[in-house]
Amino acid sequence: MADEVILLDLWASMFGMRTRIALAEKKVKYEYREEDLENKSSLLLEMNPVHKKIPVLIHNGKPVCESLIQVEYIDETWPGETSLLPSDPYQRAHARFWGDFIDKKVNVTARRIWATKGEEKEASSELIEILKTLEAELGDKRYFGGETFGYVDIALIGFYSWFGVYDKFGNISIESECSKLIAWAKRCMQRESVAKALPETEKVTTFISQCLGLE
Amino acid sequence: MANNEEDVKLLGFWASPFSGRVKMALKLKGVSYEYLEQDIVNKSALLLELNPVFKKVPVLVHKGQILAESHLILEYIDQTWKNNPILPQDPYEKAMARFWAKFVDEQVGPVCFKSVVKADKGIEVAIEEAQELITFLEKEVAGKDFFGGKTIGFLDLVAGSMIPFCLARGWEGMGIDMIPEEKFPELNRWIRNLNDIEIVRECIPQREKQIEHMMKVAERIKLA
């Protein structure tokens with residue numbers, strides 16, 4: 001029986017980007033469905049009644065919610081030639097720790113730069129600290145996991161398309177503060193799976209500016 | 001494979017459900033370990049050295065390797081000691097267990113305690129919102145002895161350490177009957193099943209002490 005894979009998503013979601021990248025890395029064919037968050041589809045509400053959020057991965061009618069859980073599910077369901085996570089239990093836990101760190105820290109702080117009035121300065125300096133912590137974890141490695149592109153890279157790379165937003169509204173330059181991280185991001189962007197999944201930074205910045213009524 | 005006590009160390013806090021679930025997992029697997037009780041207010045140099053990112057318990061040290069975050073520690077334990085498996089083998093079942101475990105810690109924990117203590121919109125609304133979340137778990141455990149099926153698994157350890165032996169002590173202290181039998185018969189049955197498991201009983205904090213502790217936590221929440 002052929003696999004039926006549907007992804008309910010939003011083009012600008014850095015979380016949805018993770019799932020798109022994982023599916024592409026594993027060469028899984030799927031149907032992409034763009035959701036309107038102002039007008040959520042009945043399928044979205046049925047498949048994610050707990051959070052009512054995207055992305056939702058539906059595999060043969062069964063939903064998997066939460067982007068990093070989806071990435072692991074994709075890795076385990078379609079093993080293929082490449083693994084997104086290490087097989088060693090400690091290395092695996094280490095990768096998942098950083099994925100968890102990114103989830104707990106990056107978006108919560110970054111959002112405050114543009115979504116909350118008056119917090120740009122504090123939030124943007126906190127974001128730089130968080131990105132520097134990640135940069136230290138990357139070190140001189142090609143990717144977070146070493147030589148091969150994997151889970152932690154996938155967890156973080158989507159935010160790269162939002163750096164323009166943080167730079168603009170936070171009045172910072174992530175490139176000058178975290179040049180190693182930018183170099184890593186550019187390496188990731190050379191991968192087809194990433195290049196196809198990430199929207200252009202300008203498009204995201206325009207979108208947010210429009211949301212805030214500034215353009 | 002040698003299993004010296006010195007190989008495994010657990011930094012924990014007696015009242016923490018996150019520490020408790022790791023103790024349960026180690027006991028389930030028959031792993032001997034050295035337990036180091038931590039003062040979570042005046043954090044030890046060791047804790048800050050081993051978990052500089054979050055500075056929290058639990059932290060597991062195994063053969064010099066350091067692990068933090070209870071869910072990750074549980075999965076590491078499951079992959080390292082293969083007896084009495086905690087997580088299902090099937091990728092979908094595994095994804096579901098991880099999803100619900102995240103739900104318990106990130107939604108149920110805060111909404112069913114912190115929000116109830118603060119009761120910004122009044123206590124009845126707070127309880128109603130809390131019970132809405134708990135209803136999801138009621139459905140998940142329906143017809144099963146445990147979330148894991150016939151035996152306890154990952155979600156039982158996470159939800160078990162958090163709900164009946166942590167949050168429920170808080171509700172008791174506040175005089176709230178959050179999960180009455182008539183509304184949540186499946187969860188109540190699950191709690192009775194958990195109480196029958198020796199490993200669980202041995203790893204939970206003493207009831208009166210925990211109630212007292214949760215009341216102190218509630219006070220801190222109100223003042224914050």
# chains A, B, ... in the order shown; residues from 1 in each chain; ligands from 1
$ residues_around --residues "Asp39 (chain B)" --least-positions-apart "5" --cutoff "9 Å" --atoms "only C-alpha atoms" --output "CSV table (one decimal) with C-alpha atoms, in the first residue's frame"
chain,number,residue,atom,x,y,z
B,12,GLY,CA,17.8,15.2,42.1
B,13,PHE,CA,15.4,16.9,44.4
B,44,SER,CA,25.7,23.3,44.3
$ residues_around --residues "Leu28 (chain B)" --least-positions-apart "2" --cutoff "12 Å" --atoms "only C-alpha atoms" --output "list in words"
Arg21, Val22, Lys23, Met24, Ala25, Leu26, Gly30, Val31, Ser32, Leu74, Ile77, Asp78, Trp81, Lys82, Asn83, Asn84, Pro85, Ile86, Thr151, Ile152, Gly153, Phe154, Leu157, Ile197, Glu198, Ile199, Val200, Glu202 and Cys203 of chain B
$ interface_residues --of "chain A" --to "chain B" --cutoff "9 Å" --atoms "only C-alpha atoms" --output "list in words"
Val50, Lys62, Val64, Cys65, Glu66, Ile69, Gln70, Glu72, Tyr73, Ile74, Glu76, Thr77, Asp88, Pro89, Tyr90, Arg92, Ala93, His94, Arg96, Phe97, Asp100, Phe101 and Thr133 of chain A
$ write_last_selection --atoms "N, CA and C atoms" --output "PDB file, in the first residue's frame"
ATOM      1  N   VAL A  50      -5.702  19.147  20.460  1.00  0.00           N
ATOM      2  CA  VAL A  50      -5.077  19.615  21.695  1.00  0.00           C
ATOM      3  C   VAL A  50      -4.527  21.034  21.532  1.00  0.00           C
ATOM      4  N   LYS A  62      -3.176   9.049  10.175  1.00  0.00           N
ATOM      5  CA  LYS A  62      -2.873   9.221  11.605  1.00  0.00           C
ATOM      6  C   LYS A  62      -1.991  10.460  11.805  1.00  0.00           C
ATOM      7  N   VAL A  64       0.622  13.193  13.510  1.00  0.00           N
ATOM      8  CA  VAL A  64       1.750  13.365  14.427  1.00  0.00           C
ATOM      9  C   VAL A  64       1.920  14.873  14.586  1.00  0.00           C
ATOM     10  N   CYS A  65       1.893  15.339  15.814  1.00  0.00           N
ATOM     11  CA  CYS A  65       1.998  16.795  16.068  1.00  0.00           C
ATOM     12  C   CYS A  65       3.294  17.117  16.790  1.00  0.00           C
ATOM     13  N   GLU A  66       3.687  18.397  16.714  1.00  0.00           N
ATOM     14  CA  GLU A  66       4.949  18.901  17.303  1.00  0.00           C
ATOM     15  C   GLU A  66       6.111  18.589  16.366  1.00  0.00           C
ATOM     16  N   ILE A  69       9.034  16.177  17.227  1.00  0.00           N
ATOM     17  CA  ILE A  69       8.518  14.800  17.320  1.00  0.00           C
ATOM     18  C   ILE A  69       8.315  14.267  15.902  1.00  0.00           C
ATOM     19  N   GLN A  70       7.848  15.138  14.996  1.00  0.00           N
ATOM     20  CA  GLN A  70       7.665  14.743  13.593  1.00  0.00           C
ATOM     21  C   GLN A  70       9.011  14.367  12.956  1.00  0.00           C
ATOM     22  N   GLU A  72      11.702  13.199  14.365  1.00  0.00           N
ATOM     23  CA  GLU A  72      12.127  11.879  14.864  1.00  0.00           C
ATOM     24  C   GLU A  72      11.277  10.775  14.251  1.00  0.00           C
ATOM     25  N   TYR A  73       9.983  11.023  14.154  1.00  0.00           N
ATOM     26  CA  TYR A  73       9.072  10.038  13.561  1.00  0.00           C
ATOM     27  C   TYR A  73       9.483   9.738  12.114  1.00  0.00           C
ATOM     28  N   ILE A  74       9.779  10.791  11.367  1.00  0.00           N
ATOM     29  CA  ILE A  74      10.194  10.645   9.964  1.00  0.00           C
ATOM     30  C   ILE A  74      11.493   9.834   9.907  1.00  0.00           C
ATOM     31  N   GLU A  76      12.578   7.636  12.014  1.00  0.00           N
ATOM     32  CA  GLU A  76      12.361   6.238  12.414  1.00  0.00           C
ATOM     33  C   GLU A  76      11.488   5.474  11.418  1.00  0.00           C
ATOM     34  N   THR A  77      10.568   6.164  10.765  1.00  0.00           N
ATOM     35  CA  THR A  77       9.640   5.487   9.856  1.00  0.00           C
ATOM     36  C   THR A  77      10.266   5.227   8.490  1.00  0.00           C
ATOM     37  N   ASP A  88      23.973   6.218  18.621  1.00  0.00           N
ATOM     38  CA  ASP A  88      24.482   6.079  19.991  1.00  0.00           C
ATOM     39  C   ASP A  88      23.549   6.808  20.964  1.00  0.00           C
ATOM     40  N   PRO A  89      23.094   6.124  22.044  1.00  0.00           N
ATOM     41  CA  PRO A  89      22.129   6.742  22.959  1.00  0.00           C
ATOM     42  C   PRO A  89      22.580   8.073  23.542  1.00  0.00           C
ATOM     43  N   TYR A  90      23.866   8.208  23.862  1.00  0.00           N
ATOM     44  CA  TYR A  90      24.308   9.462  24.461  1.00  0.00           C
ATOM     45  C   TYR A  90      24.329  10.584  23.421  1.00  0.00           C
ATOM     46  N   ARG A  92      22.594  10.757  20.804  1.00  0.00           N
ATOM     47  CA  ARG A  92      21.184  11.025  20.507  1.00  0.00           C
ATOM     48  C   ARG A  92      20.589  11.977  21.531  1.00  0.00           C
ATOM     49  N   ALA A  93      20.841  11.674  22.814  1.00  0.00           N
ATOM     50  CA  ALA A  93      20.317  12.512  23.895  1.00  0.00           C
ATOM     51  C   ALA A  93      20.918  13.908  23.795  1.00  0.00           C
ATOM     52  N   HIS A  94      22.181  13.970  23.413  1.00  0.00           N
ATOM     53  CA  HIS A  94      22.877  15.249  23.270  1.00  0.00           C
ATOM     54  C   HIS A  94      22.217  16.088  22.177  1.00  0.00           C
ATOM     55  N   ARG A  96      19.143  15.772  21.039  1.00  0.00           N
ATOM     56  CA  ARG A  96      17.784  16.115  21.451  1.00  0.00           C
ATOM     57  C   ARG A  96      17.802  17.213  22.517  1.00  0.00           C
ATOM     58  N   PHE A  97      18.831  17.237  23.321  1.00  0.00           N
ATOM     59  CA  PHE A  97      18.970  18.302  24.322  1.00  0.00           C
ATOM     60  C   PHE A  97      19.032  19.648  23.620  1.00  0.00           C
ATOM     61  N   ASP A 100      15.792  20.647  22.095  1.00  0.00           N
ATOM     62  CA  ASP A 100      14.929  21.093  23.189  1.00  0.00           C
ATOM     63  C   ASP A 100      15.295  22.518  23.605  1.00  0.00           C
ATOM     64  N   PHE A 101      16.585  22.807  23.680  1.00  0.00           N
ATOM     65  CA  PHE A 101      17.076  24.142  24.037  1.00  0.00           C
ATOM     66  C   PHE A 101      16.567  25.170  23.017  1.00  0.00           C
ATOM     67  N   THR A 133      25.416  31.011  22.430  1.00  0.00           N
ATOM     68  CA  THR A 133      25.502  29.707  23.099  1.00  0.00           C
ATOM     69  C   THR A 133      25.465  28.601  22.053  1.00  0.00           C
TER      70      THR A 133
END
$ residues_around --residues "Met47 (chain A)" --least-positions-apart "4" --cutoff "8 Å" --atoms "only C-alpha atoms" --output "PDB file with C-alpha atoms, in the first residue's frame"
ATOM      1  CA  LEU A  43      -8.931  18.750   9.202  1.00  0.00           C
ATOM      2  CA  VAL A  56       0.579  18.543  11.503  1.00  0.00           C
ATOM      3  CA  ILE A  58      -0.719  13.029   8.711  1.00  0.00           C
ATOM      4  CA  LYS A  62      -2.873   9.221  11.605  1.00  0.00           C
ATOM      5  CA  PRO A  63      -1.641  12.598  12.897  1.00  0.00           C
TER       6      PRO A  63
END
$ residues_around --residues "region 170-180 of chain B" --least-positions-apart "4" --cutoff "7 Å" --atoms "only C-alpha atoms" --output "CSV table (one decimal) with N, CA and C atoms, in the first residue's frame"
chain,number,residue,atom,x,y,z
B,166,CYS,N,2.2,14.7,42.6
B,166,CYS,CA,2.8,16.1,42.7
B,166,CYS,C,1.6,17.1,42.7
B,184,PHE,N,-13.8,11.4,36.2
B,184,PHE,CA,-12.6,10.9,35.6
B,184,PHE,C,-12.4,9.4,36.1
B,211,ILE,N,2.6,17.7,50.3
B,211,ILE,CA,1.5,18.7,50.4
B,211,ILE,C,2.1,20.0,50.9
B,214,MET,N,4.1,21.7,48.3
B,214,MET,CA,3.3,22.3,47.2
B,214,MET,C,2.7,23.6,47.7
B,215,MET,N,2.3,23.7,49.0
B,215,MET,CA,1.7,24.9,49.5
B,215,MET,C,2.8,26.0,49.5
$ residues_around --residues "region 102-110 of chain A" --least-positions-apart "5" --cutoff "10 Å" --atoms "only C-alpha atoms" --output "list in words"
Met14, Phe15, Ser67, Leu68, Arg96, Phe97, Ala115, Glu119, Glu120, Glu122, Ala123, Ser124, Ser125, Glu126, Leu127, Ile128, Ile130, Leu131, Leu134, Val152, Ala155, Leu156, Phe159, Trp162, Phe163, Val165, Tyr166 and Gly170 of chain A
$ closest_residue --among "B:Val117, B:Pro110, B:Pro164, B:Glu186" --to "Gly143 (chain B)" --atoms "only C-alpha atoms"
B:Glu186
$ residues_around --residues "Glu31 (chain A)" --least-positions-apart "5" --cutoff "9 Å" --atoms "only C-alpha atoms" --output "PyMOL selection string"
chain A and resi 4-8
$ atom_distance --atom1 "CA of Pro86 (chain A)" --atom2 "CA of Gln89 (chain B)"
17.3 Å
$ residues_around --residues "Phe149 (chain A)" --least-positions-apart "2" --cutoff "12 Å" --atoms "only C-alpha atoms" --output "ChimeraX atom specification"
/A:21-22,25,82-86,95,141-147,151-157,184-185,187-191,193-194
$ write_last_selection --atoms "N, CA and C atoms" --output "compact mmCIF listing (two decimals), in the first residue's frame"
# COMPACT_ATOMS: atom_id res chain seq x y z
N ILE A 21 11.97 19.87 5.65
CA ILE A 21 13.36 19.49 5.41
C ILE A 21 13.55 17.99 5.67
N ALA A 22 13.00 17.51 6.79
CA ALA A 22 13.15 16.08 7.12
C ALA A 22 12.53 15.19 6.05
N GLU A 25 14.80 15.32 3.01
CA GLU A 25 16.05 14.56 3.22
C GLU A 25 15.82 13.06 3.02
N THR A 82 20.27 7.69 5.08
CA THR A 82 20.77 8.72 5.99
C THR A 82 19.95 8.76 7.26
N SER A 83 20.63 8.91 8.40
CA SER A 83 19.93 9.08 9.67
C SER A 83 20.02 10.54 10.07
N LEU A 84 18.92 11.03 10.59
CA LEU A 84 18.91 12.43 11.03
C LEU A 84 19.42 12.54 12.46
N LEU A 85 19.32 11.43 13.19
CA LEU A 85 19.80 11.40 14.58
C LEU A 85 20.88 10.33 14.71
N PRO A 86 21.83 10.55 15.64
CA PRO A 86 22.85 9.51 15.84
C PRO A 86 22.24 8.25 16.44
N ALA A 95 21.93 15.46 21.05
CA ALA A 95 21.26 16.16 19.94
C ALA A 95 19.88 16.63 20.37
N LYS A 141 32.76 22.71 13.97
CA LYS A 141 32.17 21.61 13.21
C LYS A 141 31.44 22.16 11.98
N ARG A 142 31.33 21.30 10.99
CA ARG A 142 30.62 21.68 9.77
C ARG A 142 29.13 21.85 10.06
N TYR A 143 28.61 20.87 10.78
CA TYR A 143 27.21 20.92 11.22
C TYR A 143 27.19 20.62 12.71
N PHE A 144 26.05 20.80 13.36
CA PHE A 144 25.97 20.55 14.79
C PHE A 144 26.33 19.12 15.16
N GLY A 145 25.97 18.18 14.29
CA GLY A 145 26.26 16.77 14.58
C GLY A 145 27.64 16.32 14.13
N GLY A 146 28.40 17.22 13.52
CA GLY A 146 29.72 16.86 13.02
C GLY A 146 29.77 17.03 11.51
N GLU A 147 30.12 15.94 10.82
CA GLU A 147 30.24 16.03 9.36
C GLU A 147 28.90 15.94 8.64
N TYR A 151 19.60 16.47 12.94
CA TYR A 151 18.51 16.93 13.80
C TYR A 151 18.67 18.35 14.32
N VAL A 152 19.81 18.69 14.90
CA VAL A 152 19.96 20.02 15.50
C VAL A 152 20.00 21.09 14.40
N ASP A 153 20.65 20.77 13.29
CA ASP A 153 20.66 21.70 12.15
C ASP A 153 19.24 21.95 11.69
N ILE A 154 18.48 20.86 11.59
CA ILE A 154 17.08 20.96 11.15
C ILE A 154 16.27 21.78 12.15
N ALA A 155 16.54 21.60 13.43
CA ALA A 155 15.78 22.32 14.47
C ALA A 155 16.00 23.83 14.39
N LEU A 156 17.20 24.23 13.99
CA LEU A 156 17.55 25.66 14.04
C LEU A 156 17.42 26.41 12.72
N ILE A 157 17.69 25.74 11.60
CA ILE A 157 17.88 26.45 10.34
C ILE A 157 16.69 27.31 9.90
N TRP A 184 27.50 28.72 9.03
CA TRP A 184 26.83 27.41 9.12
C TRP A 184 25.51 27.43 8.36
N ALA A 185 24.74 28.51 8.54
CA ALA A 185 23.44 28.62 7.88
C ALA A 185 23.60 28.59 6.36
N ARG A 187 25.98 27.19 4.70
CA ARG A 187 26.32 25.81 4.31
C ARG A 187 25.05 24.98 4.21
N CYS A 188 24.16 25.14 5.21
CA CYS A 188 22.89 24.39 5.20
C CYS A 188 22.06 24.77 3.98
N MET A 189 22.08 26.05 3.63
CA MET A 189 21.26 26.53 2.51
C MET A 189 21.70 25.92 1.18
N GLN A 190 22.89 25.37 1.14
CA GLN A 190 23.36 24.72 -0.10
C GLN A 190 22.70 23.37 -0.29
N ARG A 191 22.07 22.87 0.73
CA ARG A 191 21.35 21.60 0.61
C ARG A 191 19.99 21.89 -0.03
N SER A 193 17.20 20.33 0.22
CA SER A 193 16.07 20.20 1.14
C SER A 193 15.84 21.51 1.90
N VAL A 194 16.91 22.18 2.28
CA VAL A 194 16.82 23.42 3.05
C VAL A 194 16.43 24.58 2.13
$ atom_distance --atom1 "CA of Asn188 (chain B)" --atom2 "CA of Gln206 (chain B)"
19.6 Å
$ select_by_dssp --residues "region 22-56 of chain A" --states "strand (DSSP E or B)" --output "ChimeraX atom specification"
/A:31-34,56
$ select_by_dssp --residues "region 74-165 of chain B" --states "alpha helix (DSSP H)" --output "VMD selection string"
chain B and resid 74 to 80 91 to 103 109 115 to 118 123 to 141 154 to 162
$ write_last_selection --atoms "N, CA and C atoms" --output "compact mmCIF listing (two decimals), in the first residue's frame"
# COMPACT_ATOMS: atom_id res chain seq x y z
N LEU B 74 15.10 9.63 30.43
CA LEU B 74 14.31 8.40 30.38
C LEU B 74 14.59 7.63 29.09
N GLU B 75 14.65 8.36 27.97
CA GLU B 75 14.91 7.67 26.69
C GLU B 75 16.33 7.09 26.67
N TYR B 76 17.27 7.81 27.22
CA TYR B 76 18.65 7.31 27.29
C TYR B 76 18.71 6.04 28.12
N ILE B 77 18.04 6.05 29.27
CA ILE B 77 18.00 4.87 30.14
C ILE B 77 17.40 3.69 29.38
N ASP B 78 16.32 3.98 28.63
CA ASP B 78 15.64 2.91 27.90
C ASP B 78 16.53 2.30 26.82
N GLN B 79 17.33 3.15 26.17
CA GLN B 79 18.19 2.67 25.08
C GLN B 79 19.46 1.99 25.61
N THR B 80 19.86 2.33 26.82
CA THR B 80 21.11 1.80 27.37
C THR B 80 20.90 0.48 28.10
N PRO B 91 7.15 3.28 15.69
CA PRO B 91 7.42 4.72 15.63
C PRO B 91 6.21 5.61 15.92
N TYR B 92 5.01 5.17 15.49
CA TYR B 92 3.84 5.99 15.73
C TYR B 92 3.48 6.01 17.21
N GLU B 93 3.49 4.83 17.83
CA GLU B 93 3.19 4.74 19.27
C GLU B 93 4.20 5.55 20.07
N LYS B 94 5.45 5.52 19.62
CA LYS B 94 6.52 6.27 20.29
C LYS B 94 6.25 7.77 20.18
N ALA B 95 5.87 8.21 18.96
CA ALA B 95 5.58 9.63 18.73
C ALA B 95 4.42 10.07 19.63
N MET B 96 3.43 9.21 19.77
CA MET B 96 2.27 9.53 20.62
C MET B 96 2.69 9.65 22.09
N ALA B 97 3.52 8.72 22.56
CA ALA B 97 3.98 8.77 23.95
C ALA B 97 4.75 10.07 24.20
N ARG B 98 5.60 10.44 23.23
CA ARG B 98 6.39 11.67 23.38
C ARG B 98 5.48 12.90 23.36
N PHE B 99 4.47 12.88 22.49
CA PHE B 99 3.54 13.99 22.38
C PHE B 99 2.81 14.21 23.70
N TRP B 100 2.26 13.13 24.25
CA TRP B 100 1.48 13.26 25.49
C TRP B 100 2.36 13.62 26.68
N ALA B 101 3.60 13.12 26.68
CA ALA B 101 4.52 13.45 27.76
C ALA B 101 4.84 14.96 27.73
N LYS B 102 5.02 15.48 26.54
CA LYS B 102 5.28 16.93 26.38
C LYS B 102 4.06 17.71 26.86
N PHE B 103 2.87 17.21 26.50
CA PHE B 103 1.62 17.83 26.91
C PHE B 103 1.51 17.88 28.43
N GLY B 109 0.97 20.62 33.66
CA GLY B 109 1.69 21.16 34.82
C GLY B 109 1.33 22.61 35.09
N SER B 115 -1.84 28.13 37.12
CA SER B 115 -3.01 28.94 36.76
C SER B 115 -4.11 28.82 37.79
N VAL B 116 -4.22 27.66 38.41
CA VAL B 116 -5.25 27.44 39.43
C VAL B 116 -4.90 28.26 40.68
N VAL B 117 -3.62 28.28 41.03
CA VAL B 117 -3.18 29.06 42.20
C VAL B 117 -3.47 30.55 41.96
N LYS B 118 -3.10 31.00 40.74
CA LYS B 118 -3.27 32.44 40.45
C LYS B 118 -4.74 32.79 40.25
N ILE B 123 -11.61 31.07 40.43
CA ILE B 123 -11.21 29.67 40.67
C ILE B 123 -12.03 28.69 39.82
N GLU B 124 -13.31 29.02 39.58
CA GLU B 124 -14.14 28.06 38.80
C GLU B 124 -13.66 27.95 37.38
N VAL B 125 -13.32 29.10 36.78
CA VAL B 125 -12.82 29.10 35.40
C VAL B 125 -11.50 28.35 35.33
N ALA B 126 -10.64 28.60 36.34
CA ALA B 126 -9.32 27.94 36.37
C ALA B 126 -9.48 26.42 36.43
N ILE B 127 -10.40 25.97 37.28
CA ILE B 127 -10.62 24.52 37.43
C ILE B 127 -11.20 23.94 36.14
N GLU B 128 -12.12 24.69 35.52
CA GLU B 128 -12.73 24.22 34.27
C GLU B 128 -11.68 24.05 33.19
N GLU B 129 -10.81 25.05 33.07
CA GLU B 129 -9.74 24.98 32.04
C GLU B 129 -8.78 23.84 32.32
N ALA B 130 -8.48 23.63 33.61
CA ALA B 130 -7.59 22.53 33.99
C ALA B 130 -8.22 21.19 33.63
N GLN B 131 -9.51 21.06 33.95
CA GLN B 131 -10.19 19.79 33.69
C GLN B 131 -10.33 19.50 32.20
N GLU B 132 -10.43 20.55 31.39
CA GLU B 132 -10.49 20.38 29.93
C GLU B 132 -9.24 19.67 29.45
N LEU B 133 -8.09 20.06 29.99
CA LEU B 133 -6.82 19.44 29.59
C LEU B 133 -6.74 18.00 30.10
N ILE B 134 -7.16 17.82 31.34
CA ILE B 134 -7.08 16.49 31.95
C ILE B 134 -7.98 15.50 31.21
N THR B 135 -9.06 16.01 30.62
CA THR B 135 -9.97 15.15 29.86
C THR B 135 -9.26 14.47 28.70
N PHE B 136 -8.29 15.15 28.11
CA PHE B 136 -7.52 14.52 27.02
C PHE B 136 -6.83 13.26 27.52
N LEU B 137 -6.30 13.33 28.74
CA LEU B 137 -5.59 12.17 29.30
C LEU B 137 -6.58 11.07 29.70
N GLU B 138 -7.75 11.47 30.17
CA GLU B 138 -8.79 10.51 30.51
C GLU B 138 -9.09 9.63 29.29
N LYS B 139 -9.19 10.29 28.12
CA LYS B 139 -9.49 9.56 26.88
C LYS B 139 -8.33 8.65 26.50
N GLU B 140 -7.11 9.14 26.70
CA GLU B 140 -5.92 8.37 26.30
C GLU B 140 -5.79 7.07 27.08
N VAL B 141 -6.16 7.08 28.35
CA VAL B 141 -5.95 5.89 29.20
C VAL B 141 -7.19 4.99 29.25
N PHE B 154 6.68 4.92 29.37
CA PHE B 154 7.18 6.29 29.37
C PHE B 154 6.14 7.30 29.87
N LEU B 155 4.95 7.25 29.31
CA LEU B 155 3.93 8.23 29.67
C LEU B 155 3.44 8.01 31.11
N ASP B 156 3.42 6.76 31.57
CA ASP B 156 3.03 6.50 32.96
C ASP B 156 4.04 7.12 33.91
N LEU B 157 5.34 7.01 33.57
CA LEU B 157 6.36 7.58 34.44
C LEU B 157 6.25 9.10 34.47
N VAL B 158 6.01 9.71 33.29
CA VAL B 158 5.93 11.17 33.23
C VAL B 158 4.65 11.66 33.91
N ALA B 159 3.51 11.12 33.48
CA ALA B 159 2.23 11.57 34.04
C ALA B 159 2.06 11.13 35.49
N GLY B 160 2.57 9.95 35.81
CA GLY B 160 2.45 9.44 37.17
C GLY B 160 3.22 10.28 38.16
N SER B 161 4.45 10.65 37.82
CA SER B 161 5.24 11.46 38.74
C SER B 161 4.64 12.87 38.85
N MET B 162 4.03 13.34 37.76
CA MET B 162 3.52 14.72 37.76
C MET B 162 2.14 14.84 38.39
$ closest_residue --among "B:Lys183, B:Lys121, B:Ala45, B:Asn193" --to "Lys150 (chain B)" --atoms "only C-alpha atoms"
B:Asn193
$ atom_distance --atom1 "CA of Ile113 (chain A)" --atom2 "CA of Phe169 (chain A)"
6.2 Å
$ decode --residues "region 85-122 of chain B" --atoms "C-alpha atoms" --output "mmCIF file, in the first residue's frame"
data_model
loop_
_atom_site.group_PDB
_atom_site.id
_atom_site.type_symbol
_atom_site.label_atom_id
_atom_site.label_comp_id
_atom_site.auth_asym_id
_atom_site.auth_seq_id
_atom_site.Cartn_x
_atom_site.Cartn_y
_atom_site.Cartn_z
ATOM 1 C CA PRO B 85 11.284 -1.435 27.903
ATOM 2 C CA ILE B 86 9.777 1.951 28.665
ATOM 3 C CA LEU B 87 9.029 3.234 25.171
ATOM 4 C CA PRO B 88 7.021 1.368 22.523
ATOM 5 C CA GLN B 89 8.895 0.005 19.494
ATOM 6 C CA ASP B 90 6.444 1.226 16.888
ATOM 7 C CA PRO B 91 7.419 4.721 15.626
ATOM 8 C CA TYR B 92 3.835 5.992 15.732
ATOM 9 C CA GLU B 93 3.187 4.737 19.269
ATOM 10 C CA LYS B 94 6.517 6.274 20.294
ATOM 11 C CA ALA B 95 5.579 9.632 18.731
ATOM 12 C CA MET B 96 2.271 9.532 20.622
ATOM 13 C CA ALA B 97 3.985 8.769 23.949
ATOM 14 C CA ARG B 98 6.392 11.673 23.379
ATOM 15 C CA PHE B 99 3.538 13.995 22.382
ATOM 16 C CA TRP B 100 1.481 13.257 25.490
ATOM 17 C CA ALA B 101 4.524 13.452 27.761
ATOM 18 C CA LYS B 102 5.278 16.927 26.383
ATOM 19 C CA PHE B 103 1.616 17.828 26.909
ATOM 20 C CA VAL B 104 1.770 16.733 30.557
ATOM 21 C CA ASP B 105 4.857 18.757 31.407
ATOM 22 C CA GLU B 106 4.240 21.830 29.250
ATOM 23 C CA GLN B 107 0.457 22.211 29.473
ATOM 24 C CA VAL B 108 -1.002 20.155 32.316
ATOM 25 C CA GLY B 109 1.692 21.157 34.816
ATOM 26 C CA PRO B 110 1.358 24.931 34.405
ATOM 27 C CA VAL B 111 -2.391 25.115 33.679
ATOM 28 C CA CYS B 112 -3.450 22.676 36.377
ATOM 29 C CA PHE B 113 -1.390 24.164 39.134
ATOM 30 C CA LYS B 114 0.127 27.586 38.484
ATOM 31 C CA SER B 115 -3.006 28.944 36.763
ATOM 32 C CA VAL B 116 -5.252 27.444 39.431
ATOM 33 C CA VAL B 117 -3.180 29.064 42.196
ATOM 34 C CA LYS B 118 -3.267 32.439 40.445
ATOM 35 C CA ALA B 119 -6.941 32.028 39.386
ATOM 36 C CA ASP B 120 -6.779 35.248 37.357
ATOM 37 C CA LYS B 121 -10.294 34.679 36.023
ATOM 38 C CA GLY B 122 -11.655 33.152 39.215
#
